[in-house]
Amino acid sequence: MKLTAGGRRLAAAALVQSLGIGLFMASSMAYFTRQVDLSANQVASGLALAGVVALGISLLGGVLADRYGARRVLAAVYLGRGVCCAAYVFVTDFWQFMAVTLCAVACDRAGPPVLQALVAVAVPERQERTRLLAVVNVVRNCGLGVGAMAAGVALASDTQAAYRVTLIAIGLAFLGGAVLVLRVPELAAPTAGGAPEAAEEQPVRSRVLPDARYLTLTGLNFLLFFFDTMLLVAMPVWILEHTDAPRATVSVLFALNTVLVVVLQIPVSKLATSQRRTTRMLTWTGAVLAVSSLCFAASGSVGGGPAVAWLAAAVVTLSLAEVIANSAVWDLSIALAPEEQRGRYLSVFNLSVAGQRVLGPVMVTGLLLGSGSLGWVVAAAVLVVAGGAAERVARAAGERMRTGVPVDA
């Protein structure tokens, strides 16, 4: 796929900052527990609390993007993350850790919707936007892997100096990402606040929340993005506590998912060629996730090789659902948002993803895994219904936009 100059800079920025994230993810727990003397429970509870609080704060990113432009706001977000990583060098107690972590997580949550808003104004052609976001996702996954491996240097040394050098390197990676973002041309300037008469022509522009259909689609996307929690939480716990598969199966299947997403994301993104096909991909997502759930259920009733085979099938189908869902929602979340409030709409839509990461583990451990194989069967039914409902809502919203009917009419 041939990218524009702006697209190449966005992809390069994604690579640079994902290298930093990979470094941080792999080395931060060891730094906080071994050098700052925080307990593992303190780190985990701090991250969880910051994640909850940051859900609301992250909405400011979209509001600011509409007002000041996505490029400047995204650069500020990357710069903020870099400053937070450098600030960790000076953290000495739990409350300092909490203060820095809250700022870091807020920047992290604000970033994805602002990135989408920037892609929307930097790439005028709809299908190319989705493909560029697919490239960014692939590059990000590669960067995370390389960064995680590079963190092995600090982990092997296990000295305060090594960890601090790593944190500074992470901060510089985010700074590099901010510089690259500032060089991305915005082909369509933000219109919110730029024309006083706009509010009189279309009152919808002053809405605090997106319209009902967009909010409904956001809620349904919370269920369709269940693949994230299925992979990160349900899969390892299910394998270790409910199947006879070897423990090493967990790491092998994580690697399998990473490879499949990297290989499939760009080709699958090319399927989003029209409004009708893209909305249909939401139904595909629910159906494929349902198949994955049933494969997980089947793996709990057999042992040895057959269990591993069912688990592999579950992760293959889950990975396919992930790339289908990504391609569909990247396109629809931008296309169904009014241009003058695009940042705000995308920030609200991103709550479905961020909320899944906060509430998903609770749902998995409290409802799904506690019910055994029956829990997977029920999940399959819910996902099929959610996919079909999401397609209908997205199609109705698209028809409404094409006919020019105000969203609050």
# chains A, B, ... in the order shown; residues from 1 in each chain; ligands from 1

$ residues_around --residues "Leu10 of chain A" --least-positions-apart "2" --cutoff "8 Å" --atoms "only C-alpha atoms" --output "MDAnalysis selection string"
chainID A and resid 6:8 12:14 136 180:181 184

$ write_last_selection --atoms "N, CA and C atoms" --output "PDB file, in the first residue's frame"
ATOM      1  N   GLY A   6       2.006  12.498   4.555  1.00  0.00           N
ATOM      2  CA  GLY A   6       1.414  12.581   5.887  1.00  0.00           C
ATOM      3  C   GLY A   6       1.173  11.217   6.492  1.00  0.00           C
ATOM      4  N   GLY A   7       0.718  10.270   5.674  1.00  0.00           N
ATOM      5  CA  GLY A   7       0.485   8.915   6.144  1.00  0.00           C
ATOM      6  C   GLY A   7       1.770   8.248   6.615  1.00  0.00           C
ATOM      7  N   ARG A   8       2.847   8.473   5.863  1.00  0.00           N
ATOM      8  CA  ARG A   8       4.133   7.886   6.268  1.00  0.00           C
ATOM      9  C   ARG A   8       4.609   8.464   7.596  1.00  0.00           C
ATOM     10  N   ALA A  12       5.238   6.425  10.963  1.00  0.00           N
ATOM     11  CA  ALA A  12       6.527   6.514  11.656  1.00  0.00           C
ATOM     12  C   ALA A  12       6.333   6.947  13.103  1.00  0.00           C
ATOM     13  N   ALA A  13       5.416   7.897  13.333  1.00  0.00           N
ATOM     14  CA  ALA A  13       5.132   8.339  14.708  1.00  0.00           C
ATOM     15  C   ALA A  13       4.576   7.193  15.531  1.00  0.00           C
ATOM     16  N   ALA A  14       3.688   6.388  14.926  1.00  0.00           N
ATOM     17  CA  ALA A  14       3.126   5.231  15.628  1.00  0.00           C
ATOM     18  C   ALA A  14       4.216   4.231  15.981  1.00  0.00           C
ATOM     19  N   VAL A 136      -1.058   1.695  10.566  1.00  0.00           N
ATOM     20  CA  VAL A 136      -0.651   2.193  11.883  1.00  0.00           C
ATOM     21  C   VAL A 136      -0.781   1.091  12.934  1.00  0.00           C
ATOM     22  N   LEU A 180       7.078  14.174  14.674  1.00  0.00           N
ATOM     23  CA  LEU A 180       6.585  13.626  13.409  1.00  0.00           C
ATOM     24  C   LEU A 180       5.131  14.014  13.171  1.00  0.00           C
ATOM     25  N   VAL A 181       4.315  14.002  14.218  1.00  0.00           N
ATOM     26  CA  VAL A 181       2.902  14.366  14.082  1.00  0.00           C
ATOM     27  C   VAL A 181       2.761  15.821  13.630  1.00  0.00           C
ATOM     28  N   VAL A 184       2.632  16.437   9.917  1.00  0.00           N
ATOM     29  CA  VAL A 184       1.544  15.877   9.114  1.00  0.00           C
ATOM     30  C   VAL A 184       0.639  17.014   8.647  1.00  0.00           C
TER      31      VAL A 184
END

$ residues_around --residues "Ala328 of chain A" --least-positions-apart "2" --cutoff "7 Å" --atoms "only C-alpha atoms" --output "JSON, numbers by chain"
{"A": [272, 278, 279, 281, 282, 324, 325, 326, 330, 331, 332]}

$ residues_around --residues "Pro112 of chain A" --least-positions-apart "4" --cutoff "10 Å" --atoms "only C-alpha atoms" --output "compact mmCIF listing (two decimals) with N, CA and C atoms, in the first residue's frame"
# COMPACT_ATOMS: atom_id res chain seq x y z
N SER A 58 -10.29 11.74 29.42
CA SER A 58 -9.88 11.53 28.03
C SER A 58 -10.84 12.18 27.03
N GLY A 61 -9.79 15.34 25.11
CA GLY A 61 -8.97 15.28 23.91
C GLY A 61 -9.77 15.57 22.66
N GLY A 62 -10.96 14.98 22.55
CA GLY A 62 -11.79 15.21 21.39
C GLY A 62 -12.31 16.63 21.32
N LEU A 74 -2.78 15.99 19.24
CA LEU A 74 -2.11 14.70 19.29
C LEU A 74 -0.63 14.87 19.63
N CYS A 107 -3.50 10.72 29.05
CA CYS A 107 -2.94 10.96 27.72
C CYS A 107 -3.09 9.73 26.84
N ASP A 108 -2.87 8.56 27.44
CA ASP A 108 -2.99 7.31 26.69
C ASP A 108 -4.41 7.11 26.17
N GLN A 116 -7.42 9.26 15.16
CA GLN A 116 -8.42 9.06 14.12
C GLN A 116 -8.89 10.39 13.54
N ALA A 117 -9.08 11.38 14.39
CA ALA A 117 -9.51 12.70 13.91
C ALA A 117 -8.46 13.30 13.00
N LEU A 118 -7.18 13.11 13.31
CA LEU A 118 -6.12 13.62 12.47
C LEU A 118 -6.08 12.89 11.14
N LEU A 346 -15.61 10.95 18.33
CA LEU A 346 -14.65 9.85 18.38
C LEU A 346 -14.18 9.58 19.81
N SER A 347 -14.08 10.63 20.62
CA SER A 347 -13.69 10.42 22.02
C SER A 347 -14.76 9.64 22.77
N ASN A 350 -14.62 6.05 21.66
CA ASN A 350 -13.48 5.35 22.23
C ASN A 350 -13.73 4.86 23.64

$ select_by_dssp --residues "segment 91-220 of chain A" --states "helix (DSSP H, G or I)" --output "JSON, numbers by chain"
{"A": [94, 95, 96, 97, 98, 99, 100, 101, 102, 103, 104, 105, 106, 107, 108, 109, 110, 111, 112, 113, 114, 115, 116, 117, 118, 119, 120, 121, 122, 126, 127, 128, 129, 130, 131, 132, 133, 134, 135, 136, 137, 138, 139, 140, 141, 142, 143, 144, 145, 146, 147, 148, 149, 150, 152, 153, 154, 155, 156, 157, 160, 161, 162, 163, 164, 165, 166, 167, 168, 169, 170, 171, 172, 173, 174, 175, 176, 177, 178, 179, 180, 181, 182, 198, 199, 200, 201, 203, 204, 205, 206, 212, 213, 214, 215, 216, 217, 218, 219, 220]}

$ residues_around --residues "segment 361-366 of chain A" --least-positions-apart "4" --cutoff "9 Å" --atoms "only C-alpha atoms" --output "list in words"
Thr229, Met230, Leu232, Val233, Ala234, Val237, Gln356, Arg357, Gly370 and Ser371 of chain A

$ write_last_selection --atoms "N, CA, C and O atoms" --output "short mmCIF file (atom, residue, chain, number, x, y, z; two decimals), in the first residue's frame"
data_model
loop_
_atom_site.label_atom_id
_atom_site.label_comp_id
_atom_site.auth_asym_id
_atom_site.auth_seq_id
_atom_site.Cartn_x
_atom_site.Cartn_y
_atom_site.Cartn_z
N THR A 229 -10.68 -8.53 25.82
CA THR A 229 -10.70 -9.17 27.13
C THR A 229 -10.66 -10.70 27.01
O THR A 229 -10.07 -11.38 27.87
N MET A 230 -11.28 -11.23 25.98
CA MET A 230 -11.20 -12.67 25.75
C MET A 230 -9.76 -13.13 25.62
O MET A 230 -9.36 -14.16 26.18
N LEU A 232 -6.80 -11.32 26.49
CA LEU A 232 -5.88 -10.95 27.56
C LEU A 232 -6.23 -11.53 28.92
O LEU A 232 -5.34 -11.76 29.75
N VAL A 233 -7.51 -11.78 29.17
CA VAL A 233 -7.93 -12.26 30.49
C VAL A 233 -8.53 -13.66 30.43
O VAL A 233 -8.07 -14.58 31.12
N ALA A 234 -9.56 -13.83 29.60
CA ALA A 234 -10.28 -15.10 29.59
C ALA A 234 -9.41 -16.25 29.09
O ALA A 234 -9.43 -17.35 29.68
N VAL A 237 -6.66 -17.56 31.73
CA VAL A 237 -7.31 -18.15 32.90
C VAL A 237 -8.02 -19.45 32.52
O VAL A 237 -7.96 -20.46 33.25
N GLN A 356 -14.23 -1.31 27.95
CA GLN A 356 -14.05 -2.76 27.87
C GLN A 356 -12.83 -3.19 28.66
O GLN A 356 -12.84 -4.23 29.33
N ARG A 357 -11.78 -2.38 28.61
CA ARG A 357 -10.55 -2.74 29.33
C ARG A 357 -10.69 -2.58 30.83
O ARG A 357 -9.97 -3.21 31.60
N GLY A 370 -16.91 -18.09 35.49
CA GLY A 370 -17.57 -18.72 36.62
C GLY A 370 -18.65 -19.69 36.22
O GLY A 370 -19.04 -20.56 37.02
N SER A 371 -19.13 -19.60 34.99
CA SER A 371 -20.19 -20.50 34.50
C SER A 371 -19.65 -21.64 33.66
O SER A 371 -20.43 -22.42 33.11
#

$ closest_residue --among "A:Ser319, A:Thr159, A:Ser274, A:Thr166" --to "Phe254 of chain A" --atoms "only C-alpha atoms"
A:Ser319

$ closest_atom_pairs --of "segment 138-191 of chain A" --to "segment 16-38 of chain A" --cutoff "8 Å" --atoms "only C-alpha atoms" --output "CSV"
residue,atom,partner,partner_atom,distance
A:Arg140,CA,A:Ser18,CA,5.3
A:Asn141,CA,A:Ser18,CA,7.5
A:Gly143,CA,A:Leu19,CA,4.6
A:Leu144,CA,A:Gly22,CA,4.1
A:Gly145,CA,A:Gly22,CA,6.4
A:Val146,CA,A:Leu19,CA,6.5
A:Gly147,CA,A:Gly22,CA,4.2
A:Ala148,CA,A:Gly22,CA,4.5
A:Met149,CA,A:Leu23,CA,7.7
A:Ala150,CA,A:Leu23,CA,6.6
A:Ala151,CA,A:Leu23,CA,5.0
A:Gly152,CA,A:Ser27,CA,7.8
A:Ala154,CA,A:Ser27,CA,7.1
A:Leu155,CA,A:Ser27,CA,6.5
A:Thr159,CA,A:Gln35,CA,7.9
A:Gln160,CA,A:Gln35,CA,6.1
A:Tyr163,CA,A:Tyr31,CA,6.3
A:Thr166,CA,A:Leu23,CA,7.4
A:Leu167,CA,A:Phe24,CA,7.3
A:Ala169,CA,A:Gly20,CA,7.4
A:Ile170,CA,A:Gly20,CA,4.4
A:Gly171,CA,A:Gly20,CA,7.3
A:Ala173,CA,A:Gln17,CA,5.4
A:Phe174,CA,A:Gln17,CA,5.0
A:Gly176,CA,A:Val16,CA,6.8
A:Gly177,CA,A:Gln17,CA,5.7

$ residues_around --residues "Ala48 of chain A" --least-positions-apart "6" --cutoff "10 Å" --atoms "only C-alpha atoms" --output "list in words"
Gln42, Ala54, Leu102, Val105, Arg357 and Val358 of chain A
